[in-house]
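Novice: After the structure tokens below, expect a handful of questions from me.
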2 protein chains.
Amino acid sequence: MYSKYSSQLLDKAVDELASLPGIGRKTALRLALYLMKQPQENVERFSASFVNMRKNLKYCRCCNMISDNDLCPVCSDAGRNRSVICVVESIRDVMSIENTDHYKGLYFVLGGIISPMDGIGPSDLPIDRLLERASAEDTREVILALNTSPEGETTSFYIYRKLSVLGIVVSTIARGIGFGDDLEYADEFTLGKSIENRQLFKPDKF
Amino acid sequence: MYSKYSSQLLDKAVDELASLPGIGRKTALRLALYLMKQPQENVERFSASFVNMRKNLKYCRCCNMISDNDLCPVCSDAGRNRSVICVVESIRDVMSIENTDHYKGLYFVLGGIISPMDGIGPSDLPIDRLLERASAEDTREVILALNTSPEGETTSFYIYRKLSVLGIVVSTIARGIGFGDDLEYADEFTLGKSIENRQLFKPDKF
């Protein structure tokens, strides 16, 4: 007889909020009641921001990063090193690397990785576009920055094979013990690999 | 030079999501990117649900509960016991009690409690309307279901004094050890009070 919260309008808002990943119905209810208490213009601005984003946000035609324009700020920046392309799985990986302020090259967002279990093969990813970009431009090096899951490794290997025939240097980001991390708490695989892949000590870096 | 995430549209959506209580910027970003991946009509429905709710959801003119109409489903239900009014602090308290399916009377949502620290006095709460309702209708009993914080107790006492001169029975919900809870882990105050307020054992209830 009653709808769950005595109101279909509230129910709908709760349903929509609870459809977001990681938001349960209790949290959704709390958020909906919070919105109910805000001035109407704030709620209108809140709602409009998502529709605006979804409608007008584009993907960069060069690197697939989200962007307000056809070309993202990185790709359209003349100050970036255009001879290096860093290949990542997702938009958030680009954000993470940009936040380090340690990389001045370009990016390529794959938008996924090869995963036969999920029915994603190489042809489902824009790998052809990556190869095209890598060969057409003055690309000197491609950095693979994919995760080290089996799927990530498979994807890295696939791209490596395709790129190496083009004569492009393919590198991968360094894996090892994080700066400030205790050796004692590192997992054995990472520690083992970090000894295997040791580098010459360069005191001038300090 | 760059906006934080290379996009002002995304930034705005993240800002709006991060303005919600309990949602940090990392979660907000995750949610915004999730919305970016949804079909546009889903995002439009998502956004419209909040504006619709804020614009059209009303507060019941009788009990202050949120409602799609002037009178909430509880107040307009002829099957409810109109001689009992349960006083609660918030809309969510009504939902919690309704979910128990153990209460068939009416409600009155205060929308707050007396809290001198926050500058909320008795005149800032709709206590006059509660007294009016309690005296005008065939009210027999008012159940106080406010929290046992100092502010809650103050508010309960204030309402009790006002109601008792009207000759209305004022009760309060039972406090004690929760069903299924271990005595061992109960706080001493609750356990002490639950012994003090012990009730006659009624085996017929089982």
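Naming works like this for the structure tokens: A, B, ... for the chains as they're shown, residue 1 at the start of each chain, ligands 1 onward in shown order.
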Name all residues at most 10 Å from stretch 50-63 of chain B (count only C-alpha atoms; drop same-chain ones fewer than 3 positions away) and give them as a ChimeraX atom specification.
Specialist: /A:7-14,16-17,32-33,35-48 /B:45-47,66-76,85-87,91,106-110,129-130,133
Novice: What residues in stretch 56-149 of chain A get the DSSP label helix (DSSP H, G or I)? Please answer as JSON, numbers by chain.
Specialist: {"A": [56, 91, 92, 93, 94, 95, 96, 97, 98, 99, 100, 116, 117, 118, 122, 123, 124, 127, 128, 129, 130, 131, 132, 133, 134, 135, 136]}
Novice: Please extract the residues of chain B with a backbone DSSP assignment of strand (DSSP E or B) and present them as number ranges by chain.
Specialist: B: 58-59, 66-67, 81-88, 105-109, 115, 120, 141-144, 169-172
Novice: Between B:Thr172, B:Ser19, B:Asn147, B:Thr154, single out the one closest to chain A, counting only C-alpha atoms.
Specialist: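 Closest to chain A, using only C-alpha atoms: B:Ser19.
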Novice: Write out as a PyMOL selection string each polymer residue whose atoms come within 12 Å of A:Lys193, counting only C-alpha atoms; drop sequence neighbours fewer than 4 positions from it.
Specialist: chain A and resi 174-177+186-189+197-199
Novice: To one decimal in Å, tell me the separation between atom CA of A:Ile114 and atom CA of A:Leu131.
Specialist: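 Value for the atom CA of A:Ile114-atom CA of A:Leu131 distance: 16.0 Å.
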Novice: Find the residue from A:Gly105, A:Pro126, A:Gly24, A:Gly152 that sits nearest to A:Arg140; use only C-alpha atoms when measuring.
Specialist: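 Of the candidates, the smallest distance to A:Arg140 is held by A:Gly105.
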Novice: Distance atom CA of B:Leu125-atom CA of B:Gly111, one decimal place?
Specialist: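 One can read the atom CA of B:Leu125 to atom CA of B:Gly111 distance as 7.2 Å.
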Novice: How many Å lie between atom CA of A:Leu29 and atom CA of B:Ile23, rounded to one decimal?
Specialist: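 One can read the atom CA of A:Leu29 to atom CA of B:Ile23 distance as 13.7 Å.
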Novice: Please provide as a PyMOL selection string all residues within 12 Å of A:Ser156, with the sequence filter that same-chain residues fewer than 2 positions apart are discarded (counting only C-alpha atoms).
Specialist: chain A and resi 86-89+110+112-114+122+127+142-154+158-164+170-173
